[in-house]
$ cat coords-v9.txt   # compact mmCIF, C-alpha atoms
# COMPACT_ATOMS: atom_id res chain seq x y z
CA MET U 959 19.05 26.50 -2.37
CA SER U 960 17.89 23.77 0.02
CA GLU U 961 19.60 20.36 0.06
CA LEU U 962 16.27 18.77 -0.85
CA LEU U 963 15.92 20.87 -4.00
CA LYS U 964 19.56 20.31 -4.94
CA SER U 965 19.14 16.56 -4.68
CA VAL U 966 15.96 16.57 -6.77
CA LEU U 967 17.51 18.76 -9.48
CA ASN U 968 20.65 16.67 -9.49
CA TYR U 969 18.66 13.50 -9.99
CA ALA U 970 16.10 14.87 -12.45
CA CYS U 971 18.37 17.07 -14.57
CA CYS U 972 21.75 15.41 -14.48
CA GLY U 973 20.45 11.87 -14.23
CA TYR U 974 23.41 10.75 -12.14
CA ASN U 975 23.07 7.42 -10.46
CA PRO U 976 25.96 4.97 -10.01
CA LEU U 977 23.65 2.00 -10.61
CA TRP U 978 22.33 3.11 -13.99
CA ASP U 979 23.76 2.17 -17.37
CA TYR U 980 21.90 4.60 -19.60
CA SER U 981 23.43 3.41 -22.85
CA SER U 982 21.79 -0.01 -22.52
CA SER U 983 19.02 0.82 -20.00
CA TYR U 984 20.08 -1.71 -17.37
CA ILE U 985 20.07 -1.40 -13.61
CA THR U 986 21.93 -3.55 -11.11
CA ILE U 987 20.48 -4.48 -7.71
CA ASN U 988 22.49 -6.65 -5.34
CA ALA U 989 24.74 -7.79 -8.20
CA ARG U 990 21.79 -8.77 -10.40
CA LYS U 991 21.04 -7.05 -13.67
CA TYR U 992 17.57 -5.91 -14.78
CA LYS U 993 16.55 -4.30 -18.05
CA LEU U 994 14.40 -1.18 -17.82
CA GLU U 995 11.24 -1.48 -19.91
CA ARG U 996 9.19 1.65 -19.19
CA LEU U 997 8.20 4.19 -16.57
CA LEU U 998 4.94 3.26 -14.82
CA ASN U 999 4.60 6.12 -12.35
CA GLU U 1000 6.56 8.99 -10.84
CA ASN U 1001 6.37 11.50 -8.01
CA VAL U 1002 8.76 14.20 -6.85
CA LEU U 1003 11.14 11.78 -5.14
CA SER U 1004 10.04 8.34 -6.37
CA PHE U 1005 9.91 6.49 -9.67
CA VAL U 1006 8.25 3.18 -10.56
CA HIS U 1007 9.55 1.21 -13.55
CA LEU U 1008 8.64 -2.01 -15.26
CA VAL U 1009 11.82 -4.09 -15.54
CA GLU U 1010 12.75 -7.42 -17.05
CA CYS U 1011 14.72 -10.07 -15.18
CA ARG U 1012 18.04 -10.84 -16.80
CA TYR U 1013 19.02 -13.43 -14.19
CA ALA U 1014 16.54 -15.67 -12.37
CA THR U 1015 16.43 -15.14 -8.62
CA THR U 1016 15.55 -17.56 -5.87
CA GLN U 1017 12.60 -15.40 -4.88
CA SER U 1018 11.07 -15.42 -8.36
CA ARG U 1019 9.98 -19.00 -7.93
CA LEU U 1020 7.88 -17.96 -4.95
CA TYR U 1021 5.57 -15.85 -7.08
CA GLU U 1022 3.72 -18.25 -9.33
CA ASP U 1023 0.79 -15.81 -9.67
CA SER U 1024 2.87 -13.01 -11.20
CA ASN U 1025 4.61 -12.51 -14.53
CA LEU U 1026 8.08 -13.81 -13.63
CA ASP U 1027 9.82 -12.26 -16.63
CA LYS U 1028 8.67 -8.82 -15.51
CA LEU U 1029 9.07 -7.07 -12.16
CA VAL U 1030 8.24 -3.66 -10.80
CA LEU U 1031 11.10 -1.49 -9.57
CA LYS U 1032 10.37 1.29 -7.10
CA GLN U 1033 13.10 3.87 -6.57
CA VAL U 1034 12.92 6.36 -3.73
CA LEU U 1035 15.40 9.24 -3.47
CA CYS U 1036 16.26 10.22 0.12
CA PRO U 1037 17.99 13.63 0.01
CA PHE U 1038 21.02 14.28 2.19
CA GLY U 1039 20.04 15.26 5.72
CA ASN U 1040 16.42 14.15 5.38
CA ILE U 1041 16.41 11.39 8.00
CA ASN U 1042 12.63 11.01 7.97
CA SER U 1043 12.58 10.03 4.30
CA VAL U 1044 15.17 7.32 4.91
CA SER U 1045 13.47 5.91 7.98
CA ASN U 1046 10.04 5.87 6.31
CA VAL U 1047 11.29 3.85 3.34
CA LEU U 1048 13.13 1.43 5.60
CA LYS U 1049 10.00 0.93 7.66
CA GLU U 1050 8.16 0.17 4.42
CA ILE U 1051 10.70 -2.54 3.55
CA GLU U 1052 10.39 -4.04 7.03
CA ASN U 1053 6.59 -4.02 6.64
CA TYR U 1054 6.81 -6.22 3.55
CA LYS U 1055 8.95 -8.70 5.48
CA SER U 1056 6.29 -9.05 8.18
CA PHE U 1057 3.72 -11.02 6.17
CA ASN U 1058 3.47 -14.29 4.30
CA SER U 1059 -0.01 -14.05 2.79
CA GLN U 1060 -1.18 -14.65 -0.76
CA TYR U 1061 -3.29 -11.51 -0.41
CA ILE U 1062 -0.44 -9.14 0.55
CA ILE U 1063 2.29 -8.12 -1.87
CA LYS U 1064 5.85 -9.22 -1.17
CA CYS U 1065 9.08 -7.35 -1.72
CA ILE U 1066 11.35 -9.61 -3.78
CA ASP U 1067 14.59 -7.70 -3.22
CA SER U 1068 15.84 -4.35 -1.97
CA GLN U 1069 18.99 -2.31 -1.75
CA VAL U 1070 20.08 1.03 -0.30
CA VAL U 1071 22.68 2.92 -2.31
CA GLN U 1072 24.88 5.68 -0.93
CA LYS U 1073 25.40 8.41 -3.53
CA ASP U 1074 28.36 10.80 -3.87
CA ASP U 1075 26.30 13.83 -2.85
CA GLY U 1076 25.36 12.24 0.49
CA SER U 1077 21.83 11.30 -0.56
CA LYS U 1078 20.60 7.71 -0.62
CA MET U 1079 18.61 5.80 -3.20
CA VAL U 1080 16.38 2.99 -1.96
CA LEU U 1081 15.48 0.33 -4.53
CA MET U 1082 12.66 -2.19 -4.10
CA LEU U 1083 11.56 -4.98 -6.43
CA PHE U 1084 8.02 -6.34 -6.52
CA PRO U 1085 6.10 -8.87 -8.63
CA TYR U 1086 4.42 -7.42 -11.70
CA TYR U 1087 0.68 -7.99 -11.97
CA GLN U 1088 -0.26 -7.49 -15.59
CA ARG U 1089 -3.97 -6.96 -14.90
CA GLY U 1090 -3.21 -3.84 -12.89
CA SER U 1091 -5.30 -2.63 -9.98
CA LEU U 1092 -8.97 -2.54 -9.05
CA GLN U 1093 -8.93 1.11 -10.07
CA ASP U 1094 -7.80 0.09 -13.56
CA LYS U 1095 -10.66 -2.43 -13.67
CA ILE U 1096 -13.19 0.21 -12.56
CA ASN U 1097 -11.87 2.74 -15.08
CA TYR U 1098 -12.07 0.19 -17.89
CA ASN U 1099 -15.65 -0.68 -17.01
CA LEU U 1100 -16.61 3.01 -16.93
CA LEU U 1101 -15.06 3.60 -20.36
CA ASP U 1102 -16.68 0.44 -21.66
CA GLY U 1103 -20.07 1.58 -20.40
CA SER U 1104 -20.44 -1.43 -18.10
CA ASN U 1105 -19.55 0.16 -14.78
CA ILE U 1106 -21.38 -2.44 -12.68
CA LEU U 1107 -19.65 -5.63 -11.55
CA ILE U 1108 -21.73 -8.69 -10.83
CA GLU U 1109 -22.29 -9.54 -7.18
CA THR U 1110 -20.44 -12.86 -7.19
CA GLU U 1111 -17.26 -11.20 -8.50
CA ILE U 1112 -17.52 -8.39 -5.95
CA ILE U 1113 -17.91 -10.89 -3.11
CA GLN U 1114 -14.93 -12.90 -4.34
CA LEU U 1115 -12.77 -9.76 -4.44
CA MET U 1116 -13.95 -8.55 -1.04
CA VAL U 1117 -13.31 -11.94 0.58
CA GLY U 1118 -9.69 -11.83 -0.62
CA ILE U 1119 -9.19 -8.25 0.57
CA CYS U 1120 -10.70 -9.13 3.97
CA LYS U 1121 -8.31 -12.07 4.28
CA GLY U 1122 -5.40 -9.73 3.58
CA LEU U 1123 -6.68 -7.15 6.07
CA LEU U 1124 -7.21 -9.86 8.68
CA CYS U 1125 -3.54 -10.78 8.31
CA LEU U 1126 -2.58 -7.14 8.81
CA HIS U 1127 -4.91 -6.50 11.73
CA ASP U 1128 -4.76 -9.78 13.67
CA PRO U 1129 -1.28 -11.21 14.29
CA THR U 1130 -2.73 -14.52 15.48
CA THR U 1131 -3.95 -15.27 11.95
CA ARG U 1132 -0.57 -14.92 10.24
CA GLU U 1133 1.12 -17.80 8.53
CA ASP U 1134 4.55 -19.02 9.59
CA MET U 1135 7.28 -16.83 8.09
CA GLY U 1136 9.83 -19.63 8.12
CA ASN U 1137 9.18 -20.88 4.60
CA LEU U 1138 9.36 -17.40 3.17
CA SER U 1139 12.64 -16.59 4.89
CA ASN U 1140 14.22 -19.83 3.70
CA GLY U 1141 13.41 -18.87 0.12
CA MET U 1142 14.99 -15.44 0.28
CA ASP U 1143 18.49 -14.66 -0.91
CA SER U 1144 21.08 -14.01 1.76
CA VAL U 1145 21.72 -10.59 0.22
CA SER U 1146 18.14 -9.52 0.97
CA ILE U 1147 18.18 -10.91 4.50
CA LYS U 1148 21.30 -8.87 5.25
CA MET U 1149 19.70 -5.70 3.95
CA SER U 1150 18.96 -4.24 7.38
CA ASP U 1151 22.56 -4.67 8.52
CA ASP U 1152 23.83 -3.00 5.36
CA VAL U 1153 21.45 -0.10 5.84
CA ALA U 1154 22.50 0.27 9.46
CA SER U 1155 26.11 0.68 8.39
CA LEU U 1156 25.16 3.26 5.77
CA LEU U 1157 23.29 5.26 8.39
CA ASP U 1158 25.74 4.73 11.22
CA ASN U 1159 26.35 8.45 11.63
CA THR U 1160 22.73 9.56 11.48
CA PRO U 1161 20.44 10.10 14.49
CA LEU U 1162 18.01 7.39 13.40
CA GLU U 1163 16.34 5.07 15.87
CA MET U 1164 18.04 1.71 15.56
CA ASP U 1165 14.82 -0.22 16.01
CA LEU U 1166 14.00 0.90 12.47
CA MET U 1167 17.22 -0.61 11.20
CA THR U 1168 17.06 -4.09 12.69
CA SER U 1169 14.71 -6.81 11.55
CA LYS U 1170 12.25 -6.82 14.42
CA ASN U 1171 9.98 -9.74 15.13
CA ASN U 1172 6.64 -8.30 14.05
CA LYS U 1173 4.75 -11.51 14.72
CA TRP U 1174 2.62 -9.92 17.45
CA ASP U 1175 2.20 -6.45 15.96
CA SER U 1176 -1.08 -5.36 14.41
CA PHE U 1177 -0.80 -3.10 11.36
CA ILE U 1178 -3.17 -0.41 10.12
CA HIS U 1179 -2.90 0.08 6.36
CA LEU U 1180 -4.46 3.59 6.25
CA ASN U 1181 -4.72 3.67 2.46
CA ILE U 1182 -7.09 0.92 1.33
CA LYS U 1183 -8.53 2.05 -2.01
CA PRO U 1184 -8.98 0.56 -5.50
CA ALA U 1185 -5.56 1.77 -6.65
CA THR U 1186 -3.73 -0.13 -3.88
CA ILE U 1187 -5.46 -3.45 -4.62
CA LEU U 1188 -3.69 -5.34 -7.41
CA LEU U 1189 -5.17 -8.23 -9.38
CA THR U 1190 -3.58 -11.58 -10.23
CA GLU U 1191 -4.28 -13.46 -13.46
CA GLU U 1192 -6.90 -15.42 -11.49
CA ASN U 1193 -8.60 -12.15 -10.47
CA GLU U 1194 -7.48 -12.54 -6.85
CA PRO U 1195 -6.81 -9.28 -4.96
CA ILE U 1196 -3.39 -8.33 -3.57
CA ILE U 1197 -3.02 -5.55 -0.99
CA SER U 1198 -0.05 -3.36 -1.95
CA ASN U 1199 1.63 -0.12 -0.86
CA LEU U 1200 2.57 -0.99 2.73
CA GLY U 1201 4.46 2.29 2.99
CA SER U 1202 1.34 3.86 4.48
CA CYS U 1203 1.10 1.30 7.32
CA ILE U 1204 1.48 2.12 10.98
CA ARG U 1205 1.93 -0.44 13.73
CA GLY U 1206 -0.64 -0.93 16.44
CA GLU U 1207 -3.16 1.54 17.77
CA ARG U 1208 -2.16 5.19 17.66
CA GLN U 1209 -3.18 7.12 20.77
CA ILE U 1210 -3.47 10.86 20.30
CA LYS U 1211 -2.38 12.28 23.66
CA THR U 1212 -0.69 15.55 22.73
CA ASP U 1213 -0.79 18.28 20.09
CA LEU U 1214 2.44 16.83 18.70
CA ASP U 1215 0.79 13.40 18.31
CA SER U 1216 -2.03 15.06 16.40
CA THR U 1217 0.32 17.08 14.18
CA ASN U 1218 2.48 14.06 13.34
CA LEU U 1219 -0.51 11.92 12.40
CA LYS U 1220 -2.00 14.73 10.30
CA GLN U 1221 1.25 14.99 8.37
CA TRP U 1222 1.37 11.23 7.83
CA VAL U 1223 -2.28 11.13 6.72
CA SER U 1224 -1.87 14.05 4.33
CA THR U 1225 1.05 12.26 2.67
CA HIS U 1226 -0.22 8.68 2.59
CA CYS U 1227 -4.04 8.68 2.58
CA ASN U 1228 -6.75 9.37 0.00
CA VAL U 1229 -9.53 11.60 1.33
CA PHE U 1230 -12.26 9.79 -0.65
CA TYR U 1231 -11.60 6.63 1.40
CA MET U 1232 -10.59 8.28 4.67
CA ALA U 1233 -12.44 7.61 7.94
CA PRO U 1234 -13.97 10.56 9.88
CA GLU U 1235 -11.47 10.20 12.73
CA LEU U 1236 -8.65 10.80 10.23
CA ILE U 1237 -10.41 13.81 8.71
CA ASN U 1238 -10.80 15.45 12.11
CA ILE U 1239 -8.00 14.18 14.33
CA LYS U 1240 -8.69 15.00 17.97
CA LYS U 1241 -6.67 14.74 21.17
CA PHE U 1242 -7.46 11.94 23.60
CA THR U 1243 -8.72 9.63 20.86
CA THR U 1244 -7.35 6.37 19.46
CA ILE U 1245 -6.79 5.48 15.83
CA ASP U 1246 -7.15 1.74 15.29
CA CYS U 1247 -7.83 -0.88 12.60
CA SER U 1248 -11.42 0.32 12.22
CA VAL U 1249 -10.20 3.10 9.89
CA ASP U 1250 -9.37 0.38 7.34
CA ILE U 1251 -12.89 -1.03 7.70
CA TRP U 1252 -14.33 2.39 6.77
CA SER U 1253 -12.04 2.47 3.73
CA LEU U 1254 -13.17 -1.03 2.82
CA GLY U 1255 -16.80 0.11 2.91
CA CYS U 1256 -15.95 2.97 0.54
CA LEU U 1257 -14.09 0.52 -1.72
CA LEU U 1258 -17.08 -1.86 -1.80
CA TYR U 1259 -19.38 1.03 -2.71
CA THR U 1260 -16.99 2.04 -5.51
CA LEU U 1261 -16.91 -1.51 -6.88
CA MET U 1262 -20.70 -1.55 -6.99
CA PHE U 1263 -21.41 1.94 -8.31
CA GLY U 1264 -18.17 3.15 -9.96
CA ILE U 1265 -17.65 6.12 -7.61
CA SER U 1266 -16.80 6.56 -3.93
CA PRO U 1267 -19.87 7.24 -1.74
CA PHE U 1268 -18.90 10.68 -0.48
CA ASP U 1269 -17.63 11.88 -3.84
CA ARG U 1270 -21.02 10.94 -5.29
CA GLU U 1271 -22.83 12.71 -2.44
CA GLU U 1272 -20.85 15.89 -3.03
CA GLN U 1273 -21.75 15.80 -6.73
CA ILE U 1274 -25.46 15.22 -5.99
CA ASN U 1275 -26.07 17.61 -3.07
CA GLY U 1276 -23.16 20.02 -3.31
CA LEU U 1277 -22.19 19.60 0.34
CA PRO U 1278 -18.44 19.62 1.07
CA LEU U 1279 -16.74 16.24 0.85
CA ARG U 1280 -15.23 16.37 4.35
CA HIS U 1281 -18.57 17.40 5.84
CA ASN U 1282 -20.24 14.38 4.25
CA ILE U 1283 -17.54 12.05 5.57
CA CYS U 1284 -17.59 13.38 9.14
CA LYS U 1285 -21.40 13.20 9.26
CA GLY U 1286 -21.61 9.89 7.41
CA ILE U 1287 -23.88 11.36 4.72
CA PHE U 1288 -24.20 9.11 1.66
CA SER U 1289 -26.95 7.46 -0.34
CA ILE U 1290 -27.44 4.18 -2.20
CA PRO U 1291 -28.47 4.39 -5.88
CA ASP U 1292 -31.13 2.11 -7.30
CA ASN U 1293 -29.49 -1.26 -7.87
CA LYS U 1294 -29.91 -5.01 -8.22
CA TYR U 1295 -27.51 -6.05 -5.46
CA SER U 1296 -28.61 -8.10 -2.46
CA ILE U 1297 -29.77 -6.48 0.78
CA LYS U 1298 -26.93 -8.24 2.61
CA LEU U 1299 -24.26 -6.69 0.40
CA ILE U 1300 -25.80 -3.23 0.80
CA GLY U 1301 -25.93 -3.87 4.54
CA ILE U 1302 -22.18 -4.50 4.62
CA ILE U 1303 -21.57 -1.02 3.17
CA LYS U 1304 -23.75 0.54 5.83
CA SER U 1305 -22.08 -1.41 8.65
CA CYS U 1306 -18.61 -0.31 7.51
CA LEU U 1307 -19.55 3.36 7.09
CA GLN U 1308 -20.51 3.97 10.72
CA VAL U 1309 -19.21 7.32 11.99
CA ASP U 1310 -18.78 5.74 15.43
CA SER U 1311 -15.75 3.49 14.86
CA ILE U 1312 -16.82 1.13 17.66
CA MET U 1313 -19.90 0.20 15.62
CA ARG U 1314 -17.90 -1.00 12.61
CA PRO U 1315 -17.29 -4.74 12.20
CA THR U 1316 -13.83 -6.29 12.35
CA ALA U 1317 -12.17 -7.84 9.30
CA SER U 1318 -13.01 -11.28 10.71
CA GLU U 1319 -16.68 -10.38 11.15
CA LEU U 1320 -16.82 -8.93 7.64
CA LEU U 1321 -15.29 -12.07 6.22
CA THR U 1322 -17.96 -14.18 7.89
CA GLN U 1323 -20.73 -11.88 6.60
CA LEU U 1324 -19.40 -11.98 3.02
CA GLN U 1325 -19.03 -15.74 3.01
CA SER U 1326 -22.60 -16.15 4.25
CA ILE U 1327 -24.10 -14.33 1.25
CA PRO U 1328 -25.68 -16.89 -1.12
CA LYS U 1329 -23.92 -17.13 -4.47
$ encode --input "coords-v9.txt" --output "structure tokens"
Amino acid sequence: MSELLKSVLNYACCGYNPLWDYSSSYITINARKYKLERLLNENVLSFVHLVECRYATTQSRLYEDSNLDKLVLKQVLCPFGNINSVSNVLKEIENYKSFNSQYIIKCIDSQVVQKDDGSKMVLMLFPYYQRGSLQDKINYNLLDGSNILIETEIIQLMVGICKGLLCLHDPTTREDMGNLSNGMDSVSIKMSDDVASLLDNTPLEMDLMTSKNNKWDSFIHLNIKPATILLTEENEPIISNLGSCIRGERQIKTDLDSTNLKQWVSTHCNVFYMAPELINIKKFTTIDCSVDIWSLGCLLYTLMFGISPFDREEQINGLPLRHNICKGIFSIPDNKYSIKLIGIIKSCLQVDSIMRPTASELLTQLQSIPK
């Protein structure tokens, strides 16, 4: 039996975890206790719980737009010997540390736990947004029979998402990280050093372990979709799930480059919002921030019509989804939205990535639409 399967069975069947107190449903992270409320989501090697703070943390006061009594706990199991799983989660934690924007989710605390069987459990705490995601909002509207959002609300949501994307894409627009760092607990700041000691005997690149200065790195999210956009009580959007991010442009020079990116895309991206250059990854091409702009166009379409453009096209004409995406085949239903808003969809969904606008240009276009 593989080590991966053993670790999964050990965790799922035996339930062993040195941090868990099953009799009272508490979990301890960096010497702080949290009460488990309920399971929100689960995959093969990850679990997401709603938890309740038992002791106030310094970071909690930074998140005035979230429910401070409740937090979201993400647990990721990294089986023994699976170095990639460890490095990917650590990169995700470092990604959250790179931004100080009201439109990008923040990681409140994190810890890596060494287990007796050699596997590692990575724990991450996030603010809890009671209103859920844009996907929840869309689903509710569909069930309610009112699947169309009004234009002013759509513009307000898109402006916030564009501001978050601009922070990801353009390092010159990022706010100073100093205030955020000063508000963090020393335990969290030392996380990378602790992780480095845990992984001292593994062949992992050390630049993943140290807190790099990401001030001048651009980030590509790769998974912008309604489910990764959370909503505050004020209906402001928050970009989440930075585990899918990659830094900078990705040049595809070799077959190995292509294979690695295909594997990453298949794990982290949603085909309904995926740009053509990610559907058909070719050598001697470059993947850049324009893939997020394509996804944003699909998201805007979904906000307006309750379904992604290429999913709708497949249902109407029966052509394969990937064919529609690669050829840019979609149609606009009859609607009451402005020509400018429809034009933004069309400008984002250009098969030629060079023709797509930047996040900054989109922001300007959205803000120029009369309310």
$ residues_around --input "coords-v9.txt" --residues "range 1107-1116 of chain U" --least-positions-apart "4" --cutoff "10 Å" --atoms "only C-alpha atoms" --output "mmCIF file with C-alpha atoms, in the frame of the given file"
data_model
loop_
_atom_site.group_PDB
_atom_site.id
_atom_site.type_symbol
_atom_site.label_atom_id
_atom_site.label_comp_id
_atom_site.auth_asym_id
_atom_site.auth_seq_id
_atom_site.Cartn_x
_atom_site.Cartn_y
_atom_site.Cartn_z
ATOM 1 C CA LEU U 1092 -8.970 -2.540 -9.050
ATOM 2 C CA LYS U 1095 -10.660 -2.430 -13.670
ATOM 3 C CA ILE U 1096 -13.190 0.210 -12.560
ATOM 4 C CA ASN U 1099 -15.650 -0.680 -17.010
ATOM 5 C CA CYS U 1120 -10.700 -9.130 3.970
ATOM 6 C CA LYS U 1121 -8.310 -12.070 4.280
ATOM 7 C CA GLY U 1122 -5.400 -9.730 3.580
ATOM 8 C CA ILE U 1187 -5.460 -3.450 -4.620
ATOM 9 C CA LEU U 1189 -5.170 -8.230 -9.380
ATOM 10 C CA ASN U 1193 -8.600 -12.150 -10.470
ATOM 11 C CA GLU U 1194 -7.480 -12.540 -6.850
ATOM 12 C CA PRO U 1195 -6.810 -9.280 -4.960
ATOM 13 C CA ILE U 1196 -3.390 -8.330 -3.570
ATOM 14 C CA LEU U 1254 -13.170 -1.030 2.820
ATOM 15 C CA GLY U 1255 -16.800 0.110 2.910
ATOM 16 C CA LEU U 1257 -14.090 0.520 -1.720
ATOM 17 C CA LEU U 1258 -17.080 -1.860 -1.800
ATOM 18 C CA LEU U 1261 -16.910 -1.510 -6.880
ATOM 19 C CA MET U 1262 -20.700 -1.550 -6.990
ATOM 20 C CA PHE U 1263 -21.410 1.940 -8.310
ATOM 21 C CA GLY U 1264 -18.170 3.150 -9.960
ATOM 22 C CA LYS U 1294 -29.910 -5.010 -8.220
ATOM 23 C CA TYR U 1295 -27.510 -6.050 -5.460
ATOM 24 C CA SER U 1296 -28.610 -8.100 -2.460
ATOM 25 C CA LEU U 1299 -24.260 -6.690 0.400
ATOM 26 C CA LEU U 1320 -16.820 -8.930 7.640
ATOM 27 C CA LEU U 1321 -15.290 -12.070 6.220
ATOM 28 C CA LEU U 1324 -19.400 -11.980 3.020
ATOM 29 C CA GLN U 1325 -19.030 -15.740 3.010
ATOM 30 C CA ILE U 1327 -24.100 -14.330 1.250
ATOM 31 C CA PRO U 1328 -25.680 -16.890 -1.120
ATOM 32 C CA LYS U 1329 -23.920 -17.130 -4.470
#
$ residues_around --input "coords-v9.txt" --residues "Leu1123 in chain U" --least-positions-apart "5" --cutoff "10 Å" --atoms "all atoms listed in the file" --output "number ranges by chain"
U: 1061-1062, 1117-1118, 1128, 1177-1179, 1182, 1197, 1247, 1250-1251, 1254, 1316-1318, 1321
$ closest_residue --input "coords-v9.txt" --among "U:Thr986, U:Cys1256, U:Val1009, U:Leu1279" --to "Ile1237 in chain U" --atoms "only C-alpha atoms"
U:Leu1279
$ atom_distance --input "coords-v9.txt" --atom1 "CA of His1226 in chain U" --atom2 "CA of Ser1202 in chain U"
5.4 Å
$ closest_residue --input "coords-v9.txt" --among "U:Gly1201, U:Pro1184, U:Gly1076, U:Gly1276" --to "Asp1094 in chain U" --atoms "all atoms listed in the file"
U:Pro1184
$ closest_residue --input "coords-v9.txt" --among "U:Ser1289, U:Thr1260, U:Glu1192, U:Lys1240" --to "Arg1089 in chain U" --atoms "all atoms listed in the file"
U:Glu1192
$ atom_distance --input "coords-v9.txt" --atom1 "CA of Val1044 in chain U" --atom2 "CA of Leu1003 in chain U"
11.7 Å
$ atom_distance --input "coords-v9.txt" --atom1 "CA of Thr1244 in chain U" --atom2 "CA of Ile1300 in chain U"
27.9 Å
$ residues_around --input "coords-v9.txt" --residues "Val1071 in chain U" --least-positions-apart "3" --cutoff "7 Å" --atoms "only C-alpha atoms" --output "PyMOL selection string"
chain U and resi 1078-1080
$ closest_residue --input "coords-v9.txt" --among "U:Asn1046, U:Asn1053, U:Gln1069, U:Ser1216" --to "Ile985 in chain U" --atoms "all atoms listed in the file"
U:Gln1069
